[in-house]
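*Asks:* For reference, the structure I am asking about is given below.
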Amino acid sequence: MSTPRPRLVDRPSKFDYSRVTVTFDSAGDACTGWLYRPDRPADAPVVVMAGGLALPRTVLEPIAERFAEAGYAAFVFDYRGIGDSDGDPRGLLAPARGVTDWEEAVARVRELDGIDTRRLVLWGHSLGGSYALSVAADDPRVRAVVALAPVLSGTTLLRARPLPGVVKALAAGVRDTVQGRLPRLGPHTVPLAGDDESGALVPDTGFRGSYRRLTDIPDVPARSFLALSRYGASLDEVTCPTLLIAGSYDDLAPADALADAAAERPDATVLRVPATHLDLLDDEGALEHALVFLDGVFG
């Protein structure tokens, strides 16, 4: 029997940081984030943070607090259609839209006072990790990337089901694409996580249980299947130091695939953690390794 890994349980004192709400515009919709400023240093490096798979920013709150406790500012935001951010349809997982939200979040952070935006880091989980890699590839001012379980191929979500399920998922996506053009009907949605018979985006009961431990399971527009099936991310153009944290028991972002993707990148490090895709979010060791990595980047 494996020994349970330490979890993020202890929260730092609120005297160690301040938190303010910051909004920004993305393609005409107002997105919402929280900026955590540490009580020291005065001009701290800043970590821009977002999750994936429709997780709201509240799930990342304990991690942002720990970054602030360690002397890093942290800006954690909700994508369009997620959490407190505006945007329709709600819950849509569309990589092009997600990358744009990241770019606008980074641009907004660079306008803020009291932080050192020359030392800007991207931190993302799941699809958020792959979006962060895409943004870093186009932005040479990004100093480093920490990507937890980045989903480098959207087709992974389709392969997680037998062929009849793939056909069903694509058919649901086509139906939603057509139905979404009819305001009276609204989007055709599927559960984000469920069992094999639910038509869920992730048809895995273990994943469903882990997601429910973090937050309520949302319904998402079925056109997400189509958008994700065309999506792929790469490390090839990322030139800054990059830490990939992989879960050994992760079927959505397999550790071996991440290691292969980073094999030709001298500035990329892959850390394997005995965890599942979602358990990485409150894994104490994953956070500690990220802090050691960033401390090394900034000396």
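Chains: A, B, ... in order of the structure tokens. Residues: from 1 per chain. Ligands: from 1, in order shown.
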Going by DSSP on the backbone, which bits of range 74-245 of chain A are strand (DSSP E)? Write them as number ranges by chain, please.
*Replies:* A: 74-77, 115-125, 144-148, 189-191, 193-194, 202-203, 219-221, 242-245
*Asks:* If you count only C-alpha atoms, which residues fall within 10 Å of Pro266 in chain A, apart from same-chain ones fewer than 5 positions away, as a PyMOL selection string?
*Replies:* chain A and resi 239+241-242
*Asks:* Restricted to N, CA and C atoms, what would the selected residues look like written as a PDB file, in the first residue's frame?
*Replies:*
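Result file follows (again.pdb):
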```
ATOM      1  N   THR A 239      11.283  29.081 -25.002  1.00  0.00           N
ATOM      2  CA  THR A 239      12.718  29.257 -24.791  1.00  0.00           C
ATOM      3  C   THR A 239      13.087  29.538 -23.335  1.00  0.00           C
ATOM      4  N   PRO A 241      13.096  28.827 -19.080  1.00  0.00           N
ATOM      5  CA  PRO A 241      13.099  27.630 -18.224  1.00  0.00           C
ATOM      6  C   PRO A 241      11.671  27.158 -17.945  1.00  0.00           C
ATOM      7  N   THR A 242      11.473  25.857 -18.040  1.00  0.00           N
ATOM      8  CA  THR A 242      10.136  25.280 -17.927  1.00  0.00           C
ATOM      9  C   THR A 242      10.178  24.063 -17.015  1.00  0.00           C
TER      10      THR A 242
END
```
*Asks:* Do a neighbour search on range 68-84 of chain A at 7 Å with only C-alpha atoms, toss out local chain neighbours closer than 2 positions, and write the hits as a VMD selection string.
*Replies:* chain A and resid 12 16 to 17 29 31 to 38 40 to 41 44 to 50 54 56 to 57 64 to 66 86 to 92 98 101 115
*Asks:* Can I get the selected residues back with N, CA and C atoms, as a short mmCIF file (atom, residue, chain, number, x, y, z; two decimals), in the first residue's frame?
*Replies:*
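Final output, saved to selection39.cif:
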```cif
data_model
loop_
_atom_site.label_atom_id
_atom_site.label_comp_id
_atom_site.auth_asym_id
_atom_site.auth_seq_id
_atom_site.Cartn_x
_atom_site.Cartn_y
_atom_site.Cartn_z
N PRO A 12 -1.48 29.99 4.98
CA PRO A 12 -0.66 31.03 5.60
C PRO A 12 -1.53 32.10 6.26
N ASP A 16 0.40 37.82 5.88
CA ASP A 16 1.55 37.61 5.00
C ASP A 16 1.32 38.18 3.61
N TYR A 17 0.09 38.57 3.30
CA TYR A 17 -0.21 39.05 1.95
C TYR A 17 -1.48 39.88 1.97
N ASP A 29 -15.43 40.76 -23.20
CA ASP A 29 -16.00 40.25 -21.96
C ASP A 29 -15.09 40.61 -20.79
N CYS A 31 -13.23 39.77 -17.54
CA CYS A 31 -12.71 38.64 -16.78
C CYS A 31 -12.25 39.13 -15.41
N THR A 32 -12.33 38.24 -14.44
CA THR A 32 -12.05 38.60 -13.05
C THR A 32 -10.91 37.77 -12.50
N GLY A 33 -10.04 38.44 -11.74
CA GLY A 33 -8.95 37.73 -11.09
C GLY A 33 -8.66 38.32 -9.72
N TRP A 34 -7.84 37.62 -8.98
CA TRP A 34 -7.35 38.12 -7.69
C TRP A 34 -5.84 38.32 -7.80
N LEU A 35 -5.36 39.44 -7.31
CA LEU A 35 -3.92 39.69 -7.20
C LEU A 35 -3.52 39.58 -5.74
N TYR A 36 -2.61 38.66 -5.47
CA TYR A 36 -2.04 38.48 -4.14
C TYR A 36 -0.69 39.17 -4.12
N ARG A 37 -0.51 40.10 -3.18
CA ARG A 37 0.79 40.76 -3.01
C ARG A 37 1.39 40.33 -1.68
N PRO A 38 2.63 39.84 -1.69
CA PRO A 38 3.26 39.48 -0.41
C PRO A 38 3.62 40.72 0.38
N ARG A 40 6.36 41.21 1.68
CA ARG A 40 7.74 41.49 1.28
C ARG A 40 8.13 40.48 0.21
N PRO A 41 9.02 40.79 -0.72
CA PRO A 41 9.65 42.10 -0.94
C PRO A 41 8.69 43.09 -1.57
N ALA A 44 7.93 42.25 -5.88
CA ALA A 44 8.05 40.80 -5.97
C ALA A 44 7.89 40.32 -7.40
N PRO A 45 8.52 39.19 -7.75
CA PRO A 45 8.18 38.54 -9.02
C PRO A 45 6.70 38.17 -9.01
N VAL A 46 6.11 37.99 -10.17
CA VAL A 46 4.67 37.71 -10.22
C VAL A 46 4.41 36.44 -11.01
N VAL A 47 3.51 35.62 -10.47
CA VAL A 47 3.10 34.37 -11.09
C VAL A 47 1.66 34.53 -11.58
N VAL A 48 1.44 34.42 -12.88
CA VAL A 48 0.10 34.47 -13.46
C VAL A 48 -0.42 33.03 -13.51
N MET A 49 -1.64 32.81 -12.97
CA MET A 49 -2.11 31.45 -12.73
C MET A 49 -3.52 31.23 -13.27
N ALA A 50 -3.74 30.05 -13.80
CA ALA A 50 -5.10 29.61 -14.16
C ALA A 50 -5.11 28.10 -14.26
N ALA A 54 -12.53 23.82 -16.76
CA ALA A 54 -13.62 24.61 -16.16
C ALA A 54 -13.49 24.78 -14.66
N PRO A 56 -12.84 26.83 -11.45
CA PRO A 56 -12.79 28.27 -11.13
C PRO A 56 -11.53 28.61 -10.35
N ARG A 57 -11.22 29.89 -10.30
CA ARG A 57 -9.99 30.33 -9.64
C ARG A 57 -10.00 30.04 -8.14
N ALA A 64 -2.10 30.06 -4.56
CA ALA A 64 -1.74 31.48 -4.68
C ALA A 64 -1.31 32.04 -3.34
N GLU A 65 -1.99 31.64 -2.27
CA GLU A 65 -1.60 32.11 -0.94
C GLU A 65 -0.20 31.65 -0.57
N ARG A 66 0.12 30.42 -0.93
CA ARG A 66 1.45 29.91 -0.59
C ARG A 66 2.53 30.59 -1.42
N ASP A 86 -17.38 37.15 -17.10
CA ASP A 86 -18.47 37.17 -18.06
C ASP A 86 -18.14 36.26 -19.24
N GLY A 87 -19.09 36.13 -20.13
CA GLY A 87 -18.86 35.37 -21.35
C GLY A 87 -19.81 34.21 -21.51
N ASP A 88 -20.28 34.04 -22.71
CA ASP A 88 -21.17 32.93 -23.07
C ASP A 88 -20.59 32.19 -24.28
N PRO A 89 -20.91 30.91 -24.42
CA PRO A 89 -21.64 30.09 -23.46
C PRO A 89 -20.80 29.76 -22.23
N ARG A 90 -21.47 29.53 -21.12
CA ARG A 90 -20.77 29.23 -19.88
C ARG A 90 -20.09 27.87 -19.98
N GLY A 91 -18.87 27.81 -19.48
CA GLY A 91 -18.15 26.55 -19.39
C GLY A 91 -17.51 26.05 -20.66
N LEU A 92 -17.56 26.82 -21.73
CA LEU A 92 -16.99 26.35 -23.00
C LEU A 92 -15.49 26.14 -22.88
N GLY A 98 -9.20 30.25 -24.68
CA GLY A 98 -8.42 30.19 -23.46
C GLY A 98 -7.07 30.87 -23.59
N ASP A 101 -7.47 34.59 -23.43
CA ASP A 101 -7.67 35.04 -22.05
C ASP A 101 -6.35 35.11 -21.30
N ILE A 115 4.67 45.43 -8.29
CA ILE A 115 5.21 44.10 -8.55
C ILE A 115 6.26 44.23 -9.65
#
```
*Asks:* Taking into account only C-alpha atoms, which residue in the set A:Arg181, A:Arg7, A:Asp279, A:Leu243 is nearest to Trp123 in chain A?
*Replies:*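 Of A:Arg181, A:Arg7, A:Asp279, A:Leu243, the one nearest Trp123 in chain A, counting only C-alpha atoms, is A:Leu243.
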*Asks:* Per residue of range 103-222 of chain A within 10 Å of range 269-276 of chain A, what are the shortest atom pair and its distance in Å to one decimal, counting only C-alpha atoms, with rows by chain and residue number, as CSV?
*Replies:*
```
residue,atom,partner,partner_atom,distance
A:Val146,CA,A:Thr269,CA,9.7
A:Ala147,CA,A:Val270,CA,9.7
A:Leu148,CA,A:Leu271,CA,9.5
A:Ala149,CA,A:Thr276,CA,9.1
A:Gly206,CA,A:Thr276,CA,9.5
A:Phe207,CA,A:Thr276,CA,8.5
A:Ser210,CA,A:Thr276,CA,8.9
```
*Asks:* Next, dump the selected residues to file, keeping only N, CA and C atoms, as an mmCIF file, in the first residue's frame.
*Replies:*
```cif
data_model
loop_
_atom_site.group_PDB
_atom_site.id
_atom_site.type_symbol
_atom_site.label_atom_id
_atom_site.label_comp_id
_atom_site.auth_asym_id
_atom_site.auth_seq_id
_atom_site.Cartn_x
_atom_site.Cartn_y
_atom_site.Cartn_z
ATOM 1 N N VAL A 146 5.671 27.101 -15.188
ATOM 2 C CA VAL A 146 5.409 25.899 -14.400
ATOM 3 C C VAL A 146 4.095 25.333 -14.905
ATOM 4 N N ALA A 147 4.131 24.133 -15.483
ATOM 5 C CA ALA A 147 2.933 23.515 -16.051
ATOM 6 C C ALA A 147 2.675 22.193 -15.344
ATOM 7 N N LEU A 148 1.570 22.134 -14.600
ATOM 8 C CA LEU A 148 1.153 20.906 -13.946
ATOM 9 C C LEU A 148 0.252 20.117 -14.892
ATOM 10 N N ALA A 149 0.666 18.913 -15.214
ATOM 11 C CA ALA A 149 -0.139 18.014 -16.040
ATOM 12 C C ALA A 149 -0.706 18.702 -17.276
ATOM 13 N N GLY A 206 -13.425 7.845 -11.231
ATOM 14 C CA GLY A 206 -12.398 8.309 -10.309
ATOM 15 C C GLY A 206 -12.127 9.793 -10.485
ATOM 16 N N PHE A 207 -12.051 10.228 -11.745
ATOM 17 C CA PHE A 207 -11.861 11.651 -12.023
ATOM 18 C C PHE A 207 -13.046 12.453 -11.492
ATOM 19 N N SER A 210 -12.637 12.980 -7.804
ATOM 20 C CA SER A 210 -11.597 13.959 -7.489
ATOM 21 C C SER A 210 -12.068 15.379 -7.791
#
```
*Asks:* For CA of Arg159 in chain A and CA of Ala222 in chain A, determine how far apart the two atoms are, in Å to one decimal place.
*Replies:*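 So the answer is 15.9 Å.
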*Asks:* When you count only C-alpha atoms, which of these residues is closest to Leu294 in chain A: A:Gly128, A:Thr155, A:Leu120, A:Leu278?
*Replies:*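 Closest residue, counting only C-alpha atoms: A:Leu120.
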*Asks:* Mind listing the helix (DSSP H, G or I) residues of range 84-206 of chain A, per DSSP on the backbone, as a compact mmCIF listing (two decimals) with C-alpha atoms, in the first residue's frame?
*Replies:*
```
# COMPACT_ATOMS: atom_id res chain seq x y z
CA PRO A 95 -8.35 26.47 -26.61
CA ALA A 96 -8.15 29.55 -28.87
CA ARG A 97 -10.42 31.41 -26.45
CA GLY A 98 -8.42 30.19 -23.46
CA VAL A 99 -5.08 31.29 -24.92
CA THR A 100 -6.51 34.75 -25.66
CA ASP A 101 -7.67 35.04 -22.05
CA TRP A 102 -4.16 34.18 -20.89
CA GLU A 103 -2.63 36.80 -23.18
CA GLU A 104 -5.01 39.48 -21.91
CA ALA A 105 -4.40 38.49 -18.30
CA VAL A 106 -0.64 38.82 -18.78
CA ALA A 107 -1.08 42.20 -20.48
CA ARG A 108 -3.22 43.43 -17.56
CA VAL A 109 -0.70 42.25 -14.98
CA LEU A 127 -5.40 22.77 -20.24
CA GLY A 128 -4.21 25.87 -18.41
CA GLY A 129 -0.70 24.44 -18.43
CA SER A 130 -0.77 23.90 -22.18
CA TYR A 131 -2.21 27.38 -22.74
CA ALA A 132 0.63 28.81 -20.64
CA LEU A 133 3.15 27.04 -22.86
CA SER A 134 1.49 28.50 -25.97
CA VAL A 135 1.63 32.01 -24.51
CA ALA A 136 5.27 31.64 -23.46
CA ALA A 137 6.20 30.47 -26.96
CA ASP A 138 5.01 33.82 -28.36
CA THR A 155 -7.59 14.23 -28.53
CA THR A 156 -6.56 12.60 -25.23
CA LEU A 157 -10.02 13.44 -23.96
CA LEU A 158 -11.61 11.62 -26.89
CA ARG A 159 -9.34 8.58 -26.64
CA LEU A 163 -15.07 4.08 -30.45
CA PRO A 164 -18.89 4.29 -30.03
CA GLY A 165 -18.30 6.87 -27.32
CA VAL A 166 -16.05 8.89 -29.64
CA VAL A 167 -18.78 8.93 -32.28
CA LYS A 168 -21.34 9.95 -29.67
CA ALA A 169 -19.10 12.75 -28.41
CA LEU A 170 -18.48 14.18 -31.88
CA ALA A 171 -22.20 13.96 -32.69
CA ALA A 172 -22.99 15.85 -29.50
CA GLY A 173 -20.48 18.49 -30.53
CA VAL A 174 -22.09 18.93 -33.93
CA ARG A 175 -25.53 19.14 -32.33
CA ASP A 176 -24.32 21.84 -29.93
CA THR A 177 -22.65 23.80 -32.74
CA VAL A 178 -25.96 23.93 -34.62
CA GLN A 179 -28.16 24.37 -31.58
CA THR A 205 -15.71 7.87 -12.16
CA GLY A 206 -12.40 8.31 -10.31
```
*Asks:* Env of Ser198 in chain A: 12 Å cut, atoms = only C-alpha atoms, seq-sep filter 4 positions within chain, self excluded. Answer as a list in words.
*Replies:*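 Final neighbour list, sorted by chain and number: Arg161, Gly165, Lys168, Ala169, Ala172, Thr189, Val190, Pro191, Leu192, Ala193, Gly194, Val202, Pro203, Asp204, Thr205, Arg208 and Asp219 of chain A.
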*Asks:* Restricting the output to C-alpha atoms, write the selected residues as a short mmCIF file (atom, residue, chain, number, x, y, z; two decimals), in the first residue's frame.
*Replies:*
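selection-v7.cif, written as the output of this step:
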```
data_model
loop_
_atom_site.label_atom_id
_atom_site.label_comp_id
_atom_site.auth_asym_id
_atom_site.auth_seq_id
_atom_site.Cartn_x
_atom_site.Cartn_y
_atom_site.Cartn_z
CA ARG A 161 -13.60 6.27 -24.42
CA GLY A 165 -18.30 6.87 -27.32
CA LYS A 168 -21.34 9.95 -29.67
CA ALA A 169 -19.10 12.75 -28.41
CA ALA A 172 -22.99 15.85 -29.50
CA THR A 189 -24.36 20.47 -22.73
CA VAL A 190 -22.72 17.38 -21.25
CA PRO A 191 -21.30 16.83 -17.74
CA LEU A 192 -17.64 17.66 -17.46
CA ALA A 193 -17.03 14.42 -15.59
CA GLY A 194 -19.15 11.30 -15.25
CA VAL A 202 -14.10 12.95 -19.04
CA PRO A 203 -15.88 9.58 -18.67
CA ASP A 204 -14.08 8.40 -15.55
CA THR A 205 -15.71 7.87 -12.16
CA ARG A 208 -15.45 12.61 -11.19
CA ASP A 219 -22.11 21.03 -17.48
#
```
*Asks:* Would you mind reading off the distance between CA of Leu287 in chain A and CA of Ile63 in chain A, one decimal, in Å?
*Replies:*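 CA of Ile63 in chain A lies at a distance of 7.5 Å from CA of Leu287 in chain A.
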*Asks:* Here is a test: counting only C-alpha atoms, which residue of A:His277, A:His125, A:Arg119, A:Arg223 is nearest to Val142 in chain A?
*Replies:* A:Arg119
*Asks:* Calculate how many Å separate CA of Ser126 in chain A from CA of Val151 in chain A, rounding to one decimal.
*Replies:*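 One can read the CA of Ser126 in chain A to CA of Val151 in chain A distance as 5.3 Å.
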*Asks:* Find the residue from A:Ala200, A:Leu93, A:Leu152, A:Leu53 that sits nearest to Ala259 in chain A; use only C-alpha atoms when measuring.
*Replies:* A:Leu152
